[in-house]
Amino acid sequence: MSEETFVCTACPGWGDHEYCALKTIVKDGKILRTERIQYTGPEANEGYICTKGVAAARQPYNPDRIMGPMKRIGERGEGKWEQISWDQALDEIAEKMLEIRDNYGSEAIGFWNLAASVPPTYGVHNLMNARFINTWGGVNPVYQYGIDDGPVYAAYYMYGSMPGLYFLTSPFNFDSSNVIFVIGANPVENQQRVVNHLVTARKNGCKIIDIGLIYDGTAAFADQFVGVKPGSDPALLLGMARIIVENGWHNPEYLLEKSTAAFLVRKDNGQFYRTADGNRAVWDLATGTVGECVDGVITVGADEPALEGCYIIDGVEVWTAFEAMKAEYAKYTDECVQEITGVEPEVLHQLAYDYSHADGKAYLMGALGLRYMNQGESYRAMYVLATLTGQQGYPGAGVTSALMTTEYPAQLNDEPIKNPFLGDPEKSPVRDVKLIDFYEGVKAGKYKGLIKTSGNPLHNAPNRGLWLNDIIPNLDLIVDFDIWLTDTGEYADYVLPDCMPFEREEIIMSACYGHIVLQEPAIEPVADARNAVDFFSGLAKRVGLGEYFDKTTEEWLEERLKTDYPPIAMIDPPLTMERLHKEKIVRMAIPDEPKFDPLANPPATPSGRIEVYNESLYELGHQVATYMPPYEAQGNRDPKYPYQFFTGRQRFFMQSMYTDDPLMIKMSGGHPTIRINPKDAAEKGIVEAEKVEVYNDRGHMVAPARLDEAVPPGTIQAWFGWRHKHYEEGMYSEMLLPLSSHEATDQNPLAVQWWNDYVADVPEGTPGSIHIASGVWDTIWDCSCNIRKLSEREEA
């Protein structure tokens with residue numbers, strides 16, 4: 001008998017945004033268990049493991065995983081397969097791809113790879129997918145997918161053209177806060193690292209306020225829970241802004257120094273007043289003349305810039321951007337906010353007071369739980385509150401719009417791996433397409449193939465009916481490379497088994513804990529599985545691209561380490577694969593203090609300041625943060641569907657992952673249920689465990705009812721993750737508004753303007769991918785429905 005050994009593994013539940021690495025204990029070639037990992041330095045105790053991480057050790061041995069390549073022999077979705085060899089599968093797939101290319105062009109094949117679905121997110125798997133897209137010439141609809149884009153919108157317009165980092169912050173920054181607002185998040189049940197720092201903050205005297213829809217674990221943990229109506233968050237936050245300004249609780253000095261609040265705006269057209277040199281202007285109170293701002297610095301004639309006031313310059317009436325903000329915020333009276341949000345005036349005033357009287361140490365802990373069409377304005381309003389009060393950019397104060405915690409980010413030598421044609425835009429144009437354009441292109445015959453290497457679009461890219469009726473029937477080739485036979489795989493032509501994280505080598509650099517971690521295989525593949533390097537290399541050789549896929553996994557990882565990014569390049573002794581194999585975990589060359597906080601840096605805006613006013617959005621009425629109603633979450637679209645349908649993540653599943661584990665299914669209650677408030681149930685005559693149907697004009701679902709006071713009246717809730725096979729009829733993703741839809745997302749005027757502004761900022765000739773999604777709203781929870789007893793439907 002051998003001794004126990006261990007390797008490091010990216011947790012299969014990676015997409016929960018904790019990005020945990022696990023310690024995998026192995027003996028005699030078999031995984032015994034997983035444990036929390038041990039980092040070094042200040043992050044020594046930052047390794048965590050949750051229920052999903054513990055259960056992950058079971059997954060490689062699950063008999064339901066795909067055990068070998070399969071080819072469809074019946075109709076799509078019929079479930080008839082034959083086992084074939086890898087050579088046969090790759091030969092036939094390559095032949096079909098070449099046929100599509102010859103008839104329709106290489107861009108007729110789309111590659112679906114949702115990076116967060118493959119732990120670690122920024123690993124060789126995802127690099128190989130990007131490399132194949134760029135060398136083959138296919139298209140990538142996922143970057144314009146629309147998921148999680150509200151924070152991108154807000155950060156783009158307020159902080160600059162590269163907003164990705166504004167999602168992030170070190171959780172150590174929470175520890176010294178005096179008040180923390182948790183908005184649209186449930187870290188107590190889903191994010192152990194975050195909640196650990198919430199506990200630390202509370203021990204240090206912090207008050208924790210949870211603002212949300214459902215009374216969940218975080219609501220129970222918080223000192224105060226404030227329930228709000230669905231999609232009403234911008235109105236609540238802007239009501240707080242009004243109270244803060246009216247009472248003089250804002251920070252004029254910060255606004256003048258760090259923001260564009262003093263910049264003059266023309267009242268006739270909503271554009272910034274500009275000097276003869278084209279610079280934006282301020283009003284100098286000391287001299288009664290116009291000053292100007294050049295590269296973020298107020299220069300000529302600006303000894304005492306005015307934050308407030310209206311002025312006339314050469315016959316043009318102007319006011320400061322701050323005055324424009326005040327005019328907007330004045331709309332959010334106590335009565336208005338109460339009508340929109342359901343929050344009582346005394347609670348609204350208390351929230352404004354608590355936030356603005358935190359001795360400069362208040363944190364807005366936003367997350368990705370505001371999935372309504374107006375979500376961008378929710379996150380924008382959070383940044384406005386922080387800017388009004390000057391509470392951002394230092395320990396204890398700030399905003400995290402996505403609740404993705406990290407130490408200083410890592411960057412490896414990935415760009416030339418993803419795209420061997422860097423610097424040659426003719427060979428490598430932007431490969432991203434909007435998802436709505438992909439949908440329309442499939443229906444029009446422009447796109448004929450789909451190679452899906454991660455994600456589960458039939459399940460997680462609502463609406464399911466759109467895929468079944470419009471997408472799948474119009475594709476000549478569907479390939480699914482996955483661990484499990486997912487809802488998408490059930491309709492594929494070929495299903496190929498991927499390796500689990502326990503079975504492949506990777507570098508874990510986005511685990512967000514200030515370390516580079518080597519993921520070594522814990523075991524040999526249990527199934528006849530191959531990793532992404534082998535899959536894409538085998539395919540590339542068959543379609544004439546073999547020269548671009550000429551390395552082993554180990555060699556690609558060695559290439560990744562050839563970076564000049566200082567936190568890695570300055571590691572001493574140098575970081576090599578040899579060193580990683582020996583030490584497994586190496587801390588980056590980052591300071592112990594200060595902790596990472598992107599808001600501590602100057603914004604990447606044209607003015608070098610926080611842009612609290614955006615002239616390009618004036619015609620749409622969004623020049624400052626404002627409220628617009630959700631698309632349909634409050635019954636706005638059709639009175640036939642008066643309830644909001646809400647589906648959120650629960651702690652035993654990670655999207656549709658873990659739904660193949662009988663233990664996790666048992667811990668989740670054994671089957672899906674439909675939660676409804678007892679008052680609503682009584683009005684409908686629905687009793688506990690009675691079968692009910694939830695429906696709208698897109699689809700339906702049938703499951704037993706569960707009466708639960710944690711769900712507010714007017715909301716129907718079902719947990720995200722349950723597969724179609726778990727429901728008696730339908731499933732929740734049938735009912736949801738498509739992530740990319742004309743009326744609510746892509747063709748919403750604000751989304752269109754955002755897309756145009758962002759694309760205009762991309763330097764001409766930029767090769768490859770735009771990378772940051774824009775111009776699309778994530779509306780998964782912006783959904784209305786009705787509910788009835790199943791017996792009533794059958795009687796009808």
# chains A, B, ... in the order shown; residues from 1 in each chain; ligands from 1

call {"tool": "closest_atom_pairs", "arguments": {"of": "segment 182-294 of chain A", "to": "segment 374-380 of chain A", "cutoff": "10 Å", "atoms": "only C-alpha atoms", "output": "Markdown table"}}
result
| residue | atom | partner | partner_atom | distance |
| --- | --- | --- | --- | --- |
| A:Ile183 | CA | A:Ser378 | CA | 9.7 |
| A:Gly231 | CA | A:Asn374 | CA | 7.0 |
| A:Ser232 | CA | A:Ser378 | CA | 8.5 |
| A:Asp233 | CA | A:Ser378 | CA | 5.8 |
| A:Pro234 | CA | A:Ser378 | CA | 4.4 |
| A:Ala235 | CA | A:Ser378 | CA | 8.2 |
| A:Leu236 | CA | A:Ser378 | CA | 9.1 |
| A:Leu237 | CA | A:Ser378 | CA | 7.5 |
| A:Leu238 | CA | A:Ser378 | CA | 9.0 |

call {"tool": "residues_around", "arguments": {"residues": "Thr135 of chain A", "least_positions_apart": "3", "cutoff": "10 Å", "atoms": "only C-alpha atoms", "output": "number ranges by chain"}}
result
A: 106, 130-132, 138, 418-421, 427-428, 540, 545, 548-549

call {"tool": "residues_around", "arguments": {"residues": "segment 207-211 of chain A", "least_positions_apart": "6", "cutoff": "10 Å", "atoms": "only C-alpha atoms", "output": "ChimeraX atom specification"}}
result
/A:177-186,198-199,201,218-228,233,236,351,354,358,362-366

call {"tool": "write_last_selection", "arguments": {"atoms": "N, CA and C atoms", "output": "CSV table (one decimal), in the first residue's frame"}}
result
chain,number,residue,atom,x,y,z
A,177,SER,N,-14.4,47.9,7.3
A,177,SER,CA,-15.6,48.7,7.0
A,177,SER,C,-16.4,48.9,8.2
A,178,ASN,N,-17.1,50.0,8.3
A,178,ASN,CA,-18.0,50.3,9.4
A,178,ASN,C,-19.4,49.9,9.0
A,179,VAL,N,-19.7,49.9,7.7
A,179,VAL,CA,-21.0,49.5,7.3
A,179,VAL,C,-20.9,48.8,5.9
A,180,ILE,N,-21.5,47.7,5.7
A,180,ILE,CA,-21.4,47.0,4.4
A,180,ILE,C,-22.9,46.8,3.9
A,181,PHE,N,-23.2,47.2,2.7
A,181,PHE,CA,-24.4,46.9,2.0
A,181,PHE,C,-24.2,45.7,1.1
A,182,VAL,N,-24.9,44.6,1.3
A,182,VAL,CA,-24.9,43.5,0.4
A,182,VAL,C,-26.1,43.7,-0.5
A,183,ILE,N,-25.9,43.8,-1.8
A,183,ILE,CA,-27.0,44.1,-2.8
A,183,ILE,C,-27.0,43.0,-3.9
A,184,GLY,N,-28.1,42.3,-3.9
A,184,GLY,CA,-28.3,41.3,-5.0
A,184,GLY,C,-27.3,40.2,-4.9
A,185,ALA,N,-27.0,39.7,-3.7
A,185,ALA,CA,-26.0,38.7,-3.5
A,185,ALA,C,-26.4,37.8,-2.3
A,186,ASN,N,-25.8,36.6,-2.3
A,186,ASN,CA,-26.1,35.7,-1.2
A,186,ASN,C,-24.8,35.0,-0.9
A,198,LEU,N,-16.8,38.9,5.8
A,198,LEU,CA,-17.9,39.6,6.5
A,198,LEU,C,-17.9,39.3,8.0
A,199,VAL,N,-17.6,38.1,8.3
A,199,VAL,CA,-17.5,37.8,9.8
A,199,VAL,C,-16.4,38.6,10.4
A,201,ALA,N,-15.3,41.5,9.5
A,201,ALA,CA,-15.8,42.9,9.6
A,201,ALA,C,-16.7,43.1,10.7
A,218,THR,N,-27.9,35.0,3.7
A,218,THR,CA,-27.3,36.3,3.9
A,218,THR,C,-28.2,37.2,4.6
A,219,ALA,N,-29.5,37.2,4.3
A,219,ALA,CA,-30.5,38.0,5.0
A,219,ALA,C,-30.6,37.7,6.4
A,220,ALA,N,-30.5,36.4,6.7
A,220,ALA,CA,-30.6,35.9,8.1
A,220,ALA,C,-29.3,36.3,8.9
A,221,PHE,N,-28.2,36.3,8.2
A,221,PHE,CA,-26.9,36.6,8.8
A,221,PHE,C,-26.8,38.1,9.1
A,222,ALA,N,-27.4,39.0,8.2
A,222,ALA,CA,-27.2,40.4,8.3
A,222,ALA,C,-27.8,41.0,9.5
A,223,ASP,N,-27.4,42.2,9.9
A,223,ASP,CA,-28.0,43.0,11.0
A,223,ASP,C,-29.3,43.5,10.6
A,224,GLN,N,-29.5,43.7,9.3
A,224,GLN,CA,-30.8,44.3,8.8
A,224,GLN,C,-31.0,43.7,7.4
A,225,PHE,N,-32.3,43.3,7.2
A,225,PHE,CA,-32.7,42.9,5.8
A,225,PHE,C,-33.7,43.9,5.3
A,226,VAL,N,-33.5,44.4,4.1
A,226,VAL,CA,-34.4,45.3,3.4
A,226,VAL,C,-34.9,44.6,2.2
A,227,GLY,N,-36.1,44.2,2.2
A,227,GLY,CA,-36.7,43.5,1.0
A,227,GLY,C,-37.2,44.6,0.0
A,228,VAL,N,-36.9,44.4,-1.3
A,228,VAL,CA,-37.3,45.3,-2.3
A,228,VAL,C,-38.0,44.5,-3.4
A,233,ASP,N,-33.9,48.2,-7.7
A,233,ASP,CA,-32.7,48.7,-7.0
A,233,ASP,C,-32.2,50.0,-7.4
A,236,LEU,N,-34.0,52.7,-5.4
A,236,LEU,CA,-33.6,52.8,-4.0
A,236,LEU,C,-32.3,53.5,-3.8
A,351,LEU,N,-31.1,54.2,5.7
A,351,LEU,CA,-30.0,53.6,4.8
A,351,LEU,C,-29.1,54.7,4.3
A,354,ASP,N,-26.9,55.8,7.3
A,354,ASP,CA,-25.9,54.8,7.7
A,354,ASP,C,-24.8,54.8,6.6
A,358,ALA,N,-20.5,56.7,7.9
A,358,ALA,CA,-19.7,55.5,8.3
A,358,ALA,C,-18.3,55.8,8.5
A,362,ALA,N,-17.6,52.9,4.2
A,362,ALA,CA,-18.8,52.1,3.8
A,362,ALA,C,-18.5,51.4,2.5
A,363,TYR,N,-18.9,50.1,2.4
A,363,TYR,CA,-18.7,49.3,1.2
A,363,TYR,C,-20.0,48.9,0.6
A,364,LEU,N,-20.2,49.0,-0.7
A,364,LEU,CA,-21.3,48.5,-1.4
A,364,LEU,C,-20.9,47.2,-2.1
A,365,MET,N,-21.4,46.1,-1.6
A,365,MET,CA,-21.0,44.8,-2.0
A,365,MET,C,-22.1,44.3,-3.0
A,366,GLY,N,-22.0,44.9,-4.2
A,366,GLY,CA,-22.9,44.4,-5.3
A,366,GLY,C,-22.4,43.1,-5.8

call {"tool": "select_by_dssp", "arguments": {"residues": "segment 425-610 of chain A", "states": "strand (DSSP E)", "output": "list in words"}}
result
Gly449, Leu450, Ile451, Lys452, Thr453, Ser454, Leu477, Ile478, Val479, Asp480, Phe481, Asp482, Tyr494, Val495, Leu496, Pro497, Glu506, Ile507, Ile508, His515, Ile516, Val517, Leu518, Gln519, Ile585, Val586 and Arg587 of chain A

call {"tool": "write_last_selection", "arguments": {"atoms": "N, CA and C atoms", "output": "short mmCIF file (atom, residue, chain, number, x, y, z; two decimals), in the first residue's frame"}}
result
data_model
loop_
_atom_site.label_atom_id
_atom_site.label_comp_id
_atom_site.auth_asym_id
_atom_site.auth_seq_id
_atom_site.Cartn_x
_atom_site.Cartn_y
_atom_site.Cartn_z
N GLY A 449 -22.80 25.31 -38.42
CA GLY A 449 -22.21 24.36 -37.48
C GLY A 449 -21.98 24.97 -36.13
N LEU A 450 -21.95 24.13 -35.08
CA LEU A 450 -21.68 24.58 -33.71
C LEU A 450 -20.78 23.56 -33.04
N ILE A 451 -19.60 24.02 -32.62
CA ILE A 451 -18.68 23.20 -31.83
C ILE A 451 -18.73 23.73 -30.41
N LYS A 452 -19.32 22.95 -29.51
CA LYS A 452 -19.50 23.40 -28.13
C LYS A 452 -18.49 22.68 -27.24
N THR A 453 -17.56 23.45 -26.68
CA THR A 453 -16.50 22.84 -25.86
C THR A 453 -16.64 23.14 -24.38
N SER A 454 -17.53 24.05 -24.02
CA SER A 454 -17.90 24.22 -22.60
C SER A 454 -19.18 25.05 -22.55
N LEU A 477 -24.25 20.60 -38.30
CA LEU A 477 -23.28 19.88 -37.46
C LEU A 477 -23.33 20.44 -36.05
N ILE A 478 -23.49 19.57 -35.06
CA ILE A 478 -23.41 19.96 -33.65
C ILE A 478 -22.49 18.97 -32.95
N VAL A 479 -21.42 19.49 -32.37
CA VAL A 479 -20.45 18.68 -31.62
C VAL A 479 -20.44 19.16 -30.18
N ASP A 480 -20.51 18.22 -29.25
CA ASP A 480 -20.49 18.57 -27.84
C ASP A 480 -19.32 17.86 -27.17
N PHE A 481 -18.38 18.65 -26.66
CA PHE A 481 -17.19 18.14 -25.95
C PHE A 481 -17.41 18.43 -24.48
N ASP A 482 -17.70 17.41 -23.69
CA ASP A 482 -18.13 17.65 -22.31
C ASP A 482 -17.86 16.41 -21.47
N TYR A 494 -22.40 14.52 -32.43
CA TYR A 494 -21.28 13.80 -31.84
C TYR A 494 -21.09 14.33 -30.41
N VAL A 495 -20.86 13.40 -29.50
CA VAL A 495 -20.57 13.76 -28.12
C VAL A 495 -19.23 13.14 -27.76
N LEU A 496 -18.30 14.00 -27.32
CA LEU A 496 -16.94 13.56 -27.04
C LEU A 496 -16.60 13.82 -25.59
N PRO A 497 -15.97 12.87 -24.89
CA PRO A 497 -15.71 13.01 -23.45
C PRO A 497 -14.47 13.86 -23.16
N GLU A 506 -2.94 21.80 -15.71
CA GLU A 506 -3.27 23.21 -15.97
C GLU A 506 -2.46 24.10 -15.03
N ILE A 507 -2.43 25.37 -15.34
CA ILE A 507 -1.95 26.39 -14.40
C ILE A 507 -3.16 27.14 -13.88
N ILE A 508 -3.30 27.16 -12.57
CA ILE A 508 -4.39 27.89 -11.94
C ILE A 508 -3.84 29.26 -11.56
N HIS A 515 -1.42 33.73 -5.88
CA HIS A 515 -0.50 32.63 -6.10
C HIS A 515 -0.70 32.02 -7.48
N ILE A 516 0.37 31.42 -8.01
CA ILE A 516 0.29 30.59 -9.19
C ILE A 516 0.33 29.14 -8.71
N VAL A 517 -0.66 28.36 -9.15
CA VAL A 517 -0.82 26.99 -8.66
C VAL A 517 -0.77 26.03 -9.84
N LEU A 518 -0.02 24.95 -9.69
CA LEU A 518 0.02 23.93 -10.74
C LEU A 518 -1.04 22.87 -10.45
N GLN A 519 -1.92 22.68 -11.41
CA GLN A 519 -2.87 21.57 -11.33
C GLN A 519 -2.26 20.38 -12.04
N ILE A 585 2.76 25.39 -5.42
CA ILE A 585 2.13 26.69 -5.18
C ILE A 585 3.23 27.73 -4.98
N VAL A 586 3.20 28.81 -5.77
CA VAL A 586 4.22 29.86 -5.67
C VAL A 586 3.51 31.20 -5.59
N ARG A 587 3.88 31.99 -4.58
CA ARG A 587 3.28 33.31 -4.43
C ARG A 587 3.83 34.28 -5.46
#

call {"tool": "residues_around", "arguments": {"residues": "segment 551-567 of chain A", "least_positions_apart": "6", "cutoff": "8 Å", "atoms": "only C-alpha atoms", "output": "list in words"}}
result
Val124, Ala410, Gln411, Leu412, Asn413, Asp414, Ile417, Glu505, Glu506, Ile507, Val533, Leu575, Thr576, Met577, Met588, Ala589 and Ile590 of chain A

call {"tool": "closest_residue", "arguments": {"among": "A:Glu593, A:Glu257, A:Glu292, A:Glu4", "to": "Leu388 of chain A", "atoms": "only C-alpha atoms"}}
result
A:Glu257

call {"tool": "residues_around", "arguments": {"residues": "Gln350 of chain A", "least_positions_apart": "2", "cutoff": "12 Å", "atoms": "only C-alpha atoms", "output": "PyMOL selection string"}}
result
chain A and resi 209+224+226+239-240+243-244+343-348+352-357

call {"tool": "write_last_selection", "arguments": {"atoms": "N, CA, C and O atoms", "output": "short mmCIF file (atom, residue, chain, number, x, y, z; two decimals), in the first residue's frame"}}
result
data_model
loop_
_atom_site.label_atom_id
_atom_site.label_comp_id
_atom_site.auth_asym_id
_atom_site.auth_seq_id
_atom_site.Cartn_x
_atom_site.Cartn_y
_atom_site.Cartn_z
N ILE A 209 -25.90 45.23 6.15
CA ILE A 209 -27.27 45.43 5.67
C ILE A 209 -27.43 44.67 4.37
O ILE A 209 -26.65 44.86 3.43
N GLN A 224 -29.52 43.73 9.30
CA GLN A 224 -30.78 44.27 8.80
C GLN A 224 -31.04 43.73 7.40
O GLN A 224 -30.13 43.67 6.57
N VAL A 226 -33.47 44.39 4.09
CA VAL A 226 -34.40 45.30 3.43
C VAL A 226 -34.88 44.63 2.16
O VAL A 226 -34.14 44.49 1.18
N GLY A 239 -32.68 57.19 -4.57
CA GLY A 239 -33.36 57.85 -3.46
C GLY A 239 -32.40 58.15 -2.33
O GLY A 239 -32.47 59.22 -1.70
N MET A 240 -31.50 57.21 -2.05
CA MET A 240 -30.45 57.47 -1.05
C MET A 240 -29.57 58.63 -1.48
O MET A 240 -29.21 59.50 -0.66
N ILE A 243 -31.27 62.00 -0.76
CA ILE A 243 -31.25 62.35 0.66
C ILE A 243 -29.85 62.81 1.08
O ILE A 243 -29.70 63.79 1.83
N ILE A 244 -28.84 62.13 0.59
CA ILE A 244 -27.46 62.50 0.93
C ILE A 244 -27.14 63.90 0.45
O ILE A 244 -26.57 64.73 1.18
N VAL A 343 -40.08 50.12 -0.11
CA VAL A 343 -39.32 50.47 1.09
C VAL A 343 -39.93 51.71 1.74
O VAL A 343 -40.15 52.73 1.07
N GLU A 344 -40.19 51.62 3.03
CA GLU A 344 -40.78 52.73 3.78
C GLU A 344 -39.81 53.92 3.84
O GLU A 344 -38.59 53.73 3.89
N PRO A 345 -40.34 55.16 3.88
CA PRO A 345 -39.47 56.34 3.91
C PRO A 345 -38.49 56.35 5.06
O PRO A 345 -37.32 56.74 4.88
N GLU A 346 -38.93 55.94 6.26
CA GLU A 346 -38.00 55.97 7.39
C GLU A 346 -36.83 55.01 7.19
O GLU A 346 -35.70 55.28 7.62
N VAL A 347 -37.08 53.88 6.50
CA VAL A 347 -36.00 52.95 6.21
C VAL A 347 -35.07 53.55 5.17
O VAL A 347 -33.84 53.45 5.29
N LEU A 348 -35.63 54.18 4.14
CA LEU A 348 -34.82 54.82 3.11
C LEU A 348 -33.88 55.86 3.73
O LEU A 348 -32.68 55.90 3.42
N ALA A 352 -29.68 55.86 3.92
CA ALA A 352 -28.85 56.97 3.44
C ALA A 352 -27.94 57.49 4.55
O ALA A 352 -26.76 57.81 4.31
N TYR A 353 -28.49 57.58 5.75
CA TYR A 353 -27.69 58.07 6.89
C TYR A 353 -26.57 57.09 7.22
O TYR A 353 -25.41 57.49 7.39
N ASP A 354 -26.91 55.80 7.32
CA ASP A 354 -25.89 54.80 7.66
C ASP A 354 -24.76 54.80 6.64
O ASP A 354 -23.59 54.71 7.01
N TYR A 355 -25.12 54.91 5.35
CA TYR A 355 -24.08 54.87 4.33
C TYR A 355 -23.18 56.09 4.39
O TYR A 355 -21.95 55.98 4.27
N SER A 356 -23.76 57.26 4.58
CA SER A 356 -22.98 58.50 4.52
C SER A 356 -22.33 58.88 5.84
O SER A 356 -21.53 59.82 5.88
N HIS A 357 -22.65 58.16 6.92
CA HIS A 357 -22.07 58.46 8.23
C HIS A 357 -21.28 57.27 8.77
O HIS A 357 -21.37 56.92 9.95
#

call {"tool": "closest_residue", "arguments": {"among": "A:Gly714, A:Pro457, A:Pro42, A:Gly146", "to": "Gly489 of chain A", "atoms": "only C-alpha atoms"}}
result
A:Pro457

call {"tool": "residues_around", "arguments": {"residues": "Thr299 of chain A", "least_positions_apart": "5", "cutoff": "12 Å", "atoms": "only C-alpha atoms", "output": "PDB file with N, CA and C atoms, in the first residue's frame"}}
result
ATOM      1  N   ASN A 279     -11.665  71.705 -25.049  1.00  0.00           N
ATOM      2  CA  ASN A 279     -11.589  71.125 -23.717  1.00  0.00           C
ATOM      3  C   ASN A 279     -12.881  71.379 -22.938  1.00  0.00           C
ATOM      4  N   ARG A 280     -13.192  70.474 -22.044  1.00  0.00           N
ATOM      5  CA  ARG A 280     -14.342  70.689 -21.184  1.00  0.00           C
ATOM      6  C   ARG A 280     -14.039  71.784 -20.171  1.00  0.00           C
ATOM      7  N   ALA A 281     -15.100  72.461 -19.721  1.00  0.00           N
ATOM      8  CA  ALA A 281     -14.918  73.704 -18.968  1.00  0.00           C
ATOM      9  C   ALA A 281     -15.530  73.621 -17.576  1.00  0.00           C
ATOM     10  N   VAL A 282     -15.063  74.502 -16.699  1.00  0.00           N
ATOM     11  CA  VAL A 282     -15.637  74.702 -15.370  1.00  0.00           C
ATOM     12  C   VAL A 282     -15.867  76.206 -15.186  1.00  0.00           C
ATOM     13  N   TRP A 283     -16.604  76.551 -14.137  1.00  0.00           N
ATOM     14  CA  TRP A 283     -16.816  77.956 -13.807  1.00  0.00           C
ATOM     15  C   TRP A 283     -15.981  78.300 -12.589  1.00  0.00           C
ATOM     16  N   ASP A 284     -15.180  79.354 -12.726  1.00  0.00           N
ATOM     17  CA  ASP A 284     -14.316  79.794 -11.636  1.00  0.00           C
ATOM     18  C   ASP A 284     -15.056  80.834 -10.808  1.00  0.00           C
ATOM     19  N   VAL A 290     -14.554  81.421 -17.188  1.00  0.00           N
ATOM     20  CA  VAL A 290     -14.508  80.000 -17.538  1.00  0.00           C
ATOM     21  C   VAL A 290     -13.089  79.475 -17.394  1.00  0.00           C
ATOM     22  N   GLY A 291     -12.974  78.339 -16.748  1.00  0.00           N
ATOM     23  CA  GLY A 291     -11.711  77.608 -16.721  1.00  0.00           C
ATOM     24  C   GLY A 291     -11.853  76.358 -17.557  1.00  0.00           C
ATOM     25  N   GLU A 292     -10.761  75.654 -17.762  1.00  0.00           N
ATOM     26  CA  GLU A 292     -10.853  74.447 -18.573  1.00  0.00           C
ATOM     27  C   GLU A 292     -10.067  73.316 -17.951  1.00  0.00           C
ATOM     28  N   CYS A 293     -10.446  72.104 -18.356  1.00  0.00           N
ATOM     29  CA  CYS A 293      -9.803  70.901 -17.836  1.00  0.00           C
ATOM     30  C   CYS A 293      -9.053  70.220 -18.963  1.00  0.00           C
ATOM     31  N   VAL A 294      -7.771  70.004 -18.756  1.00  0.00           N
ATOM     32  CA  VAL A 294      -6.918  69.359 -19.749  1.00  0.00           C
ATOM     33  C   VAL A 294      -6.317  68.109 -19.113  1.00  0.00           C
ATOM     34  N   GLU A 304     -11.138  78.542  -8.077  1.00  0.00           N
ATOM     35  CA  GLU A 304     -12.223  78.084  -7.208  1.00  0.00           C
ATOM     36  C   GLU A 304     -13.364  77.541  -8.075  1.00  0.00           C
ATOM     37  N   PRO A 305     -13.217  76.300  -8.592  1.00  0.00           N
ATOM     38  CA  PRO A 305     -14.237  75.765  -9.496  1.00  0.00           C
ATOM     39  C   PRO A 305     -15.567  75.577  -8.780  1.00  0.00           C
TER      40      PRO A 305
END

call {"tool": "residues_around", "arguments": {"residues": "Glu308 of chain A", "least_positions_apart": "5", "cutoff": "7 Å", "atoms": "only C-alpha atoms", "output": "number ranges by chain"}}
result
A: 320, 322-323

call {"tool": "write_last_selection", "arguments": {"atoms": "C-alpha atoms", "output": "PDB file, in the first residue's frame"}}
result
ATOM      1  CA  THR A 320     -22.668  71.992 -13.656  1.00  0.00           C
ATOM      2  CA  PHE A 322     -23.607  68.118 -10.345  1.00  0.00           C
ATOM      3  CA  GLU A 323     -26.670  70.305 -10.838  1.00  0.00           C
TER       4      GLU A 323
END

call {"tool": "closest_atom_pairs", "arguments": {"of": "segment 363-469 of chain A", "to": "segment 107-117 of chain A", "cutoff": "12 Å", "atoms": "only C-alpha atoms", "output": "Markdown table"}}
result
| residue | atom | partner | partner_atom | distance |
| --- | --- | --- | --- | --- |
| A:Ser428 | CA | A:Glu107 | CA | 11.9 |
| A:Pro429 | CA | A:Glu107 | CA | 11.1 |
| A:Val430 | CA | A:Glu107 | CA | 11.4 |
| A:Arg431 | CA | A:Glu107 | CA | 8.6 |
| A:Asp432 | CA | A:Gly110 | CA | 9.8 |
| A:Val433 | CA | A:Gly110 | CA | 9.4 |
| A:Lys434 | CA | A:Gly110 | CA | 11.6 |
| A:Leu435 | CA | A:Gly110 | CA | 10.5 |
| A:Asp437 | CA | A:Gly110 | CA | 11.6 |
| A:Phe438 | CA | A:Gly110 | CA | 8.2 |
| A:Tyr439 | CA | A:Gly110 | CA | 10.7 |
| A:Gly441 | CA | A:Ala108 | CA | 9.0 |
| A:Val442 | CA | A:Ala108 | CA | 8.8 |
| A:Ala444 | CA | A:Ala108 | CA | 11.3 |
| A:Gly445 | CA | A:Ala108 | CA | 8.7 |
| A:Lys446 | CA | A:Ala108 | CA | 6.0 |
| A:Tyr447 | CA | A:Ala108 | CA | 4.1 |
| A:Lys448 | CA | A:Ala108 | CA | 5.5 |
| A:Gly449 | CA | A:Ile109 | CA | 4.4 |
| A:Leu450 | CA | A:Gly110 | CA | 4.8 |
| A:Ile451 | CA | A:Phe111 | CA | 4.8 |
| A:Lys452 | CA | A:Trp112 | CA | 4.5 |
| A:Thr453 | CA | A:Asn113 | CA | 5.3 |
| A:Ser454 | CA | A:Asn113 | CA | 4.7 |
| A:Gly455 | CA | A:Leu114 | CA | 5.1 |
| A:Asn456 | CA | A:Leu114 | CA | 8.4 |
| A:Pro457 | CA | A:Trp112 | CA | 8.4 |
| A:Leu458 | CA | A:Trp112 | CA | 11.5 |
| A:Asn460 | CA | A:Leu114 | CA | 10.4 |
| A:Ala461 | CA | A:Leu114 | CA | 10.6 |

call {"tool": "closest_residue", "arguments": {"among": "A:Leu750, A:Val776, A:Arg675, A:His700", "to": "Val142 of chain A", "atoms": "only C-alpha atoms"}}
result
A:Val776
